[in-house]
file target_38.txt (compact mmCIF, C-alpha atoms)
# COMPACT_ATOMS: atom_id res chain seq x y z
CA MET A 1 88.75 13.27 -82.23
CA ARG A 2 85.77 14.78 -80.38
CA THR A 3 84.94 18.37 -80.75
CA LYS A 4 84.39 20.74 -77.86
CA SER A 5 80.64 20.99 -78.54
CA GLN A 6 80.24 17.17 -78.49
CA SER A 7 82.12 16.94 -75.22
CA SER A 8 79.91 19.60 -73.66
CA VAL A 9 76.72 17.82 -74.78
CA ASN A 10 77.95 14.51 -73.38
CA LEU A 11 78.69 16.09 -70.02
CA LYS A 12 75.21 17.61 -69.90
CA VAL A 13 73.61 14.25 -70.69
CA ILE A 14 75.65 12.48 -68.02
CA PHE A 15 74.84 15.20 -65.47
CA THR A 16 71.11 15.03 -66.26
CA CYS A 17 71.02 11.23 -65.96
CA CYS A 18 72.84 11.34 -62.66
CA SER A 19 70.46 13.95 -61.31
CA ILE A 20 67.42 11.89 -62.32
CA LEU A 21 68.94 8.78 -60.72
CA ILE A 22 69.66 10.59 -57.44
CA PHE A 23 66.13 12.01 -57.43
CA LEU A 24 64.62 8.56 -57.87
CA ILE A 25 66.75 7.11 -55.09
CA ILE A 26 65.70 9.87 -52.69
CA PHE A 27 62.04 9.54 -53.71
CA PHE A 28 61.86 5.80 -53.07
CA ALA A 29 63.77 6.09 -49.81
CA ARG A 30 61.30 8.66 -48.51
CA SER A 31 58.36 6.54 -49.60
CA ASN A 32 59.63 3.55 -47.64
CA ILE A 33 60.21 5.65 -44.51
CA SER A 34 56.75 7.19 -44.78
CA SER A 35 55.13 3.78 -45.20
CA SER A 36 56.95 2.37 -42.20
CA SER A 37 56.16 5.33 -39.95
CA SER A 38 52.47 5.18 -40.84
CA LYS A 39 52.17 1.72 -39.15
CA PRO A 40 51.32 1.56 -35.44
CA LEU A 41 54.35 1.43 -33.24
CA SER A 42 53.33 -1.93 -31.84
CA GLU A 43 53.05 -3.35 -35.36
CA THR A 44 56.46 -2.17 -36.52
CA ASN A 45 58.10 -4.04 -33.68
CA LEU A 46 56.21 -7.29 -34.28
CA SER A 47 57.17 -10.32 -36.30
CA GLN A 48 55.40 -10.98 -39.60
CA GLU A 49 53.31 -13.71 -37.97
CA GLU A 50 52.22 -11.38 -35.17
CA VAL A 51 51.33 -8.65 -37.63
CA GLU A 52 49.19 -11.06 -39.61
CA ASN A 53 47.47 -12.22 -36.43
CA GLN A 54 46.58 -8.64 -35.58
CA HIS A 55 44.55 -8.35 -38.77
CA LYS A 56 42.63 -11.54 -38.15
CA PRO A 57 39.06 -11.29 -36.75
CA LYS A 58 39.04 -10.56 -33.04
CA GLY A 59 38.41 -13.63 -30.92
CA CYS A 60 40.32 -14.18 -27.67
CA PRO A 61 43.38 -11.87 -27.76
CA THR A 62 44.80 -13.16 -24.48
CA THR A 63 44.26 -16.04 -22.11
CA GLN A 64 43.33 -13.67 -19.26
CA GLN A 65 40.62 -11.96 -21.26
CA CYS A 66 39.05 -15.22 -22.40
CA THR A 67 39.35 -17.42 -19.32
CA LYS A 68 36.46 -19.87 -19.12
CA MET A 69 34.05 -19.76 -16.20
CA PRO A 70 35.40 -22.04 -13.43
CA ILE A 71 33.63 -25.38 -13.17
CA SER A 72 32.62 -24.68 -9.55
CA LEU A 73 30.77 -21.53 -10.62
CA SER A 74 29.08 -23.07 -13.63
CA ASP A 75 28.02 -26.07 -11.52
CA ALA A 76 26.55 -23.74 -8.91
CA LEU A 77 24.61 -21.72 -11.47
CA VAL A 78 23.10 -24.78 -13.11
CA HIS A 79 22.36 -26.45 -9.77
CA TYR A 80 20.51 -23.56 -8.17
CA VAL A 81 18.65 -22.53 -11.31
CA THR A 82 17.29 -26.05 -11.80
CA SER A 83 16.84 -27.08 -8.14
CA ASN A 84 13.58 -26.92 -6.21
CA VAL A 85 15.37 -27.47 -2.89
CA THR A 86 15.65 -24.41 -0.66
CA PRO A 87 19.03 -23.91 1.10
CA GLN A 88 19.02 -24.01 4.90
CA GLN A 89 19.66 -20.28 5.29
CA THR A 90 17.53 -17.36 4.15
CA PHE A 91 18.76 -14.69 1.74
CA ASP A 92 19.35 -12.21 4.59
CA GLU A 93 21.26 -14.79 6.62
CA VAL A 94 23.45 -15.79 3.68
CA SER A 95 24.14 -12.11 2.98
CA VAL A 96 25.84 -11.71 6.38
CA SER A 97 28.49 -14.33 5.56
CA LYS A 98 28.72 -13.22 1.93
CA ARG A 99 29.74 -9.69 2.95
CA VAL A 100 32.67 -11.13 4.90
CA LEU A 101 33.60 -13.51 2.09
CA ASP A 102 33.53 -10.60 -0.38
CA LYS A 103 36.30 -8.97 1.68
CA LYS A 104 38.36 -12.04 2.59
CA SER A 105 38.07 -14.50 -0.30
CA PRO A 106 39.97 -16.35 -1.55
CA CYS A 107 40.59 -17.66 1.95
CA ASN A 108 40.39 -20.73 4.20
CA PHE A 109 36.74 -21.46 5.00
CA LEU A 110 35.73 -24.25 7.39
CA VAL A 111 32.09 -25.34 7.33
CA PHE A 112 30.50 -27.73 9.81
CA GLY A 113 27.89 -29.46 7.67
CA LEU A 114 27.55 -30.55 4.05
CA GLY A 115 24.19 -29.37 2.76
CA HIS A 116 22.16 -27.95 -0.09
CA ASP A 117 24.06 -24.66 0.22
CA SER A 118 27.58 -26.18 0.14
CA LEU A 119 28.11 -25.54 -3.56
CA MET A 120 27.20 -21.92 -2.98
CA TRP A 121 29.76 -21.51 -0.18
CA ALA A 122 32.52 -23.10 -2.25
CA SER A 123 31.66 -20.85 -5.20
CA LEU A 124 31.60 -17.67 -3.09
CA ASN A 125 35.10 -18.63 -1.92
CA HIS A 126 36.35 -19.34 -5.46
CA GLY A 127 40.13 -19.66 -5.52
CA GLY A 128 40.27 -20.41 -1.78
CA ARG A 129 39.84 -23.58 0.21
CA THR A 130 36.41 -24.57 1.54
CA LEU A 131 36.34 -27.69 3.71
CA PHE A 132 33.09 -29.32 4.84
CA ILE A 133 32.89 -31.43 8.01
CA GLU A 134 30.04 -33.93 7.85
CA GLU A 135 28.71 -36.66 10.18
CA ASP A 136 26.70 -38.61 7.58
CA LYS A 137 28.99 -40.75 5.43
CA ALA A 138 26.24 -41.75 2.99
CA TRP A 139 25.29 -38.11 2.47
CA ILE A 140 28.91 -37.22 1.70
CA GLU A 141 28.97 -39.88 -1.00
CA THR A 142 25.70 -38.62 -2.49
CA VAL A 143 26.83 -35.01 -2.66
CA THR A 144 30.42 -35.57 -3.78
CA ASN A 145 29.32 -37.97 -6.52
CA LYS A 146 27.32 -35.12 -7.95
CA PHE A 147 29.89 -32.40 -7.17
CA PRO A 148 33.34 -34.06 -6.96
CA ASN A 149 35.10 -30.71 -6.53
CA LEU A 150 33.67 -30.27 -3.02
CA GLU A 151 36.12 -31.23 -0.26
CA SER A 152 34.60 -33.00 2.72
CA TYR A 153 35.75 -35.03 5.74
CA HIS A 154 33.63 -37.60 7.51
CA VAL A 155 33.75 -37.21 11.29
CA VAL A 156 32.10 -38.78 14.33
CA TYR A 157 30.72 -36.85 17.33
CA ASP A 158 30.37 -38.44 20.77
CA THR A 159 27.99 -35.91 22.35
CA LYS A 160 24.18 -35.81 22.73
CA VAL A 161 21.82 -32.84 22.88
CA LYS A 162 20.26 -34.32 26.03
CA ASN A 163 23.63 -33.84 27.82
CA SER A 164 24.05 -30.19 26.80
CA ASP A 165 23.37 -28.79 30.30
CA LYS A 166 26.09 -30.98 31.81
CA LEU A 167 28.51 -29.95 29.04
CA MET A 168 27.73 -26.29 29.67
CA GLU A 169 28.75 -26.70 33.33
CA LEU A 170 31.95 -28.46 32.32
CA GLY A 171 32.68 -25.70 29.84
CA ARG A 172 32.87 -23.13 32.61
CA SER A 173 35.86 -24.92 34.20
CA GLU A 174 39.41 -23.62 33.99
CA GLU A 175 40.38 -26.42 31.60
CA CYS A 176 37.85 -25.14 29.08
CA THR A 177 38.88 -21.49 29.29
CA SER A 178 42.54 -22.26 28.55
CA VAL A 179 43.58 -21.50 24.97
CA THR A 180 45.51 -24.32 23.30
CA ASP A 181 45.43 -26.65 20.33
CA PRO A 182 42.13 -28.56 20.66
CA ARG A 183 44.07 -31.85 20.38
CA ASN A 184 45.91 -30.97 23.58
CA SER A 185 42.95 -29.51 25.45
CA LYS A 186 41.75 -31.09 28.69
CA CYS A 187 38.25 -29.80 28.08
CA ASP A 188 35.67 -32.49 27.25
CA LEU A 189 34.03 -30.12 24.77
CA ALA A 190 37.07 -29.98 22.48
CA LEU A 191 36.99 -32.08 19.32
CA LYS A 192 40.25 -34.04 19.40
CA ASP A 193 40.08 -36.86 16.84
CA PHE A 194 39.56 -35.01 13.57
CA PRO A 195 42.07 -35.09 10.67
CA ALA A 196 45.30 -33.16 11.36
CA ASP A 197 44.49 -30.72 8.57
CA PHE A 198 41.48 -29.54 10.59
CA TYR A 199 43.74 -28.28 13.39
CA GLU A 200 46.75 -27.09 11.40
CA THR A 201 45.02 -24.82 8.89
CA LYS A 202 44.63 -21.13 9.73
CA TRP A 203 40.89 -20.72 9.15
CA ASP A 204 39.70 -17.26 8.16
CA LEU A 205 35.99 -18.12 8.36
CA ILE A 206 34.19 -20.87 10.25
CA MET A 207 30.52 -21.70 9.75
CA VAL A 208 28.77 -23.89 12.34
CA ASP A 209 25.64 -25.29 10.71
CA ALA A 210 26.03 -28.92 11.86
CA PRO A 211 25.96 -31.53 13.26
CA THR A 212 22.30 -32.43 13.69
CA GLY A 213 20.78 -30.79 16.73
CA TYR A 214 16.99 -30.82 16.55
CA HIS A 215 16.30 -33.82 18.80
CA GLU A 216 17.58 -35.14 22.12
CA GLU A 217 19.56 -38.07 20.73
CA ALA A 218 21.31 -35.95 18.07
CA PRO A 219 24.98 -35.07 18.62
CA GLY A 220 24.22 -31.35 18.83
CA ARG A 221 26.57 -28.44 18.13
CA MET A 222 28.02 -27.96 21.59
CA SER A 223 31.50 -29.25 20.71
CA ALA A 224 31.48 -27.72 17.22
CA ILE A 225 30.78 -24.24 18.64
CA TYR A 226 33.34 -24.58 21.43
CA THR A 227 36.06 -25.92 19.10
CA ALA A 228 35.40 -23.21 16.50
CA GLY A 229 36.12 -20.62 19.17
CA LEU A 230 39.23 -22.48 20.30
CA LEU A 231 40.60 -22.70 16.74
CA ALA A 232 40.07 -18.96 16.33
CA ARG A 233 41.77 -18.06 19.61
CA ASN A 234 44.68 -20.45 19.04
CA ARG A 235 45.72 -19.09 15.61
CA GLU A 236 49.09 -17.33 15.57
CA ASP A 237 47.76 -13.91 14.63
CA GLY A 238 44.86 -12.09 13.02
CA GLU A 239 41.20 -12.87 13.59
CA THR A 240 38.57 -15.40 12.56
CA ASP A 241 34.96 -14.72 11.61
CA VAL A 242 32.71 -17.39 13.11
CA PHE A 243 29.06 -17.87 12.12
CA VAL A 244 26.53 -19.98 14.00
CA HIS A 245 23.19 -20.91 12.46
CA ASP A 246 19.95 -21.91 14.22
CA VAL A 247 20.51 -19.68 17.26
CA ASN A 248 16.74 -19.81 17.80
CA ARG A 249 17.43 -23.18 19.49
CA PRO A 250 18.68 -23.29 23.12
CA VAL A 251 21.98 -25.09 22.46
CA GLU A 252 23.10 -22.82 19.61
CA ASP A 253 21.95 -19.72 21.53
CA GLU A 254 23.60 -20.51 24.86
CA PHE A 255 26.80 -22.14 23.64
CA SER A 256 27.57 -19.42 21.06
CA ALA A 257 26.96 -16.65 23.61
CA THR A 258 29.12 -18.40 26.23
CA PHE A 259 32.04 -19.78 24.22
CA LEU A 260 32.21 -17.37 21.27
CA CYS A 261 31.32 -14.53 23.65
CA LYS A 262 28.74 -11.77 23.43
CA GLY A 263 31.59 -9.27 23.40
CA TYR A 264 32.86 -10.71 20.13
CA MET A 265 29.43 -10.76 18.48
CA ARG A 266 29.14 -8.42 15.51
CA GLU A 267 25.67 -9.09 14.21
CA GLN A 268 22.60 -11.28 14.40
CA ASN A 269 20.30 -11.62 11.42
CA GLY A 270 17.41 -14.03 11.71
CA ARG A 271 18.80 -17.33 13.01
CA LEU A 272 22.44 -16.47 12.21
CA ARG A 273 25.04 -14.90 14.53
CA HIS A 274 28.36 -13.49 13.42
CA PHE A 275 31.34 -13.30 15.78
CA THR A 276 34.83 -11.92 15.11
CA ILE A 277 37.36 -13.58 17.41
CA PRO A 278 40.97 -12.34 17.62
CA SER A 279 44.06 -14.46 18.17
CA HIS A 280 44.84 -14.91 21.86
CA ARG A 281 48.36 -16.08 21.08
CA ALA A 282 49.25 -12.78 19.42
CA ARG A 283 48.55 -10.91 22.66
CA THR A 284 49.07 -12.78 25.90
CA GLY A 285 46.81 -12.07 28.83
CA ARG A 286 43.55 -11.78 26.89
CA PRO A 287 40.61 -13.06 28.94
CA PHE A 288 38.65 -15.92 27.34
CA CYS A 289 35.84 -13.43 26.71
CA PRO A 290 36.32 -9.66 26.53
CA VAL A 291 35.46 -7.85 29.74
CA ASP A 292 31.93 -6.43 29.69
CA VAL A 293 32.22 -2.63 29.85
CA ASP A 294 28.96 -2.34 31.81
CA ARG A 295 30.26 -4.70 34.51
CA ARG A 296 33.35 -2.54 35.08
CA ARG A 297 31.29 0.55 35.89

call {"tool": "encode", "arguments": {"input": "target_38.txt", "output": "structure tokens"}}
result
Amino acid sequence: MRTKSQSSVNLKVIFTCCSILIFLIIFFARSNISSSSSKPLSETNLSQEEVENQHKPKGCPTTQQCTKMPISLSDALVHYVTSNVTPQQTFDEVSVSKRVLDKKSPCNFLVFGLGHDSLMWASLNHGGRTLFIEEDKAWIETVTNKFPNLESYHVVYDTKVKNSDKLMELGRSEECTSVTDPRNSKCDLALKDFPADFYETKWDLIMVDAPTGYHEEAPGRMSAIYTAGLLARNREDGETDVFVHDVNRPVEDEFSATFLCKGYMREQNGRLRHFTIPSHRARTGRPFCPVDVDRRR
């Protein structure tokens, strides 16, 4: 039989042990909570694999941050750094078109002519579509073998620079001032036999820097300039920026002023003119060229 004093001692021992046990439980529980809360919030919600990856040396955290330079841009850099060939346009002339591309790209960019500056135009319109229209089939093969990412169509022109005066007279007729799809136009200046894509794309920019036009037997840019204006006017809505190079020559000067219209001209820098032509389908009744304010006075 236990005595009262023994029973009292046993109770004290049991009570003390229980107290120590409870204290230890509370202590370790708080330690775990403190350790967990000291981790960044993003880490506490991640899987073990993700946590481990966070502590690895920084390389390319995301695809967006480490996207490689597009091939078109790297090709352009290497080409122009190592090339001794000067592009057809000067720095100031290129800058006119570049300012518009900076605002509109990526966009649909139509270029008459495949030249030493084609890679530059495609690169400035990175992410958009840049289509080159070229008369020389052998030249297309040469360029695209070197730069297969460039898109180009071979086309044939049936005009001659020596007939430009006659074409200018024809261009003043009612048939040539009617806005329609070039394929359906009755104007002899309209280019009608190009690939369907040429007519059905809504072009945001058009550059006329071809075909050849420096001698009498060359096809000249009469039809290219006229058709560029017709494509711009015939789009459903919005406006098209049209650029014509070599306006120091009679054909480019006269045909751009007549068929792209002085009233739509925004700027001339060196041998380059910039026109902004609105859709004529979006607002019926527009005259082929805007009415000259001075003539109305």

call {"tool": "closest_atom_pairs", "arguments": {"input": "target_38.txt", "of": "region 90-147 of chain A", "to": "region 221-224 of chain A", "cutoff": "12 Å", "atoms": "all atoms listed in the file", "output": "JSON lines"}}
result
{"residue": "A:Leu110", "atom": "CA", "partner": "A:Ala224", "partner_atom": "CA", "distance": 11.3}
{"residue": "A:Val111", "atom": "CA", "partner": "A:Ala224", "partner_atom": "CA", "distance": 10.2}
{"residue": "A:Phe112", "atom": "CA", "partner": "A:Ala224", "partner_atom": "CA", "distance": 7.5}
{"residue": "A:Gly113", "atom": "CA", "partner": "A:Ala224", "partner_atom": "CA", "distance": 10.3}
{"residue": "A:Ile133", "atom": "CA", "partner": "A:Ala224", "partner_atom": "CA", "distance": 10.0}
{"residue": "A:Glu134", "atom": "CA", "partner": "A:Ala224", "partner_atom": "CA", "distance": 11.3}
{"residue": "A:Glu135", "atom": "CA", "partner": "A:Arg221", "partner_atom": "CA", "distance": 11.6}

call {"tool": "residues_around", "arguments": {"input": "target_38.txt", "residues": "Ser256 (chain A)", "least_positions_apart": "6", "cutoff": "9 Å", "atoms": "only C-alpha atoms", "output": "PyMOL selection string"}}
result
chain A and resi 222+225-226+229+244+247+262+273+275

call {"tool": "atom_distance", "arguments": {"input": "target_38.txt", "atom1": "CA of Thr227 (chain A)", "atom2": "CA of Ser118 (chain A)"}}
result
20.8 Å

call {"tool": "closest_residue", "arguments": {"input": "target_38.txt", "among": "A:Thr180, A:Ser185, A:Thr201, A:Thr159", "to": "Leu131 (chain A)", "atoms": "all atoms listed in the file"}}
result
A:Thr201

call {"tool": "atom_distance", "arguments": {"input": "target_38.txt", "atom1": "CA of Lys160 (chain A)", "atom2": "CA of Gln89 (chain A)"}}
result
23.8 Å

call {"tool": "atom_distance", "arguments": {"input": "target_38.txt", "atom1": "CA of Gly220 (chain A)", "atom2": "CA of Asp193 (chain A)"}}
result
16.9 Å
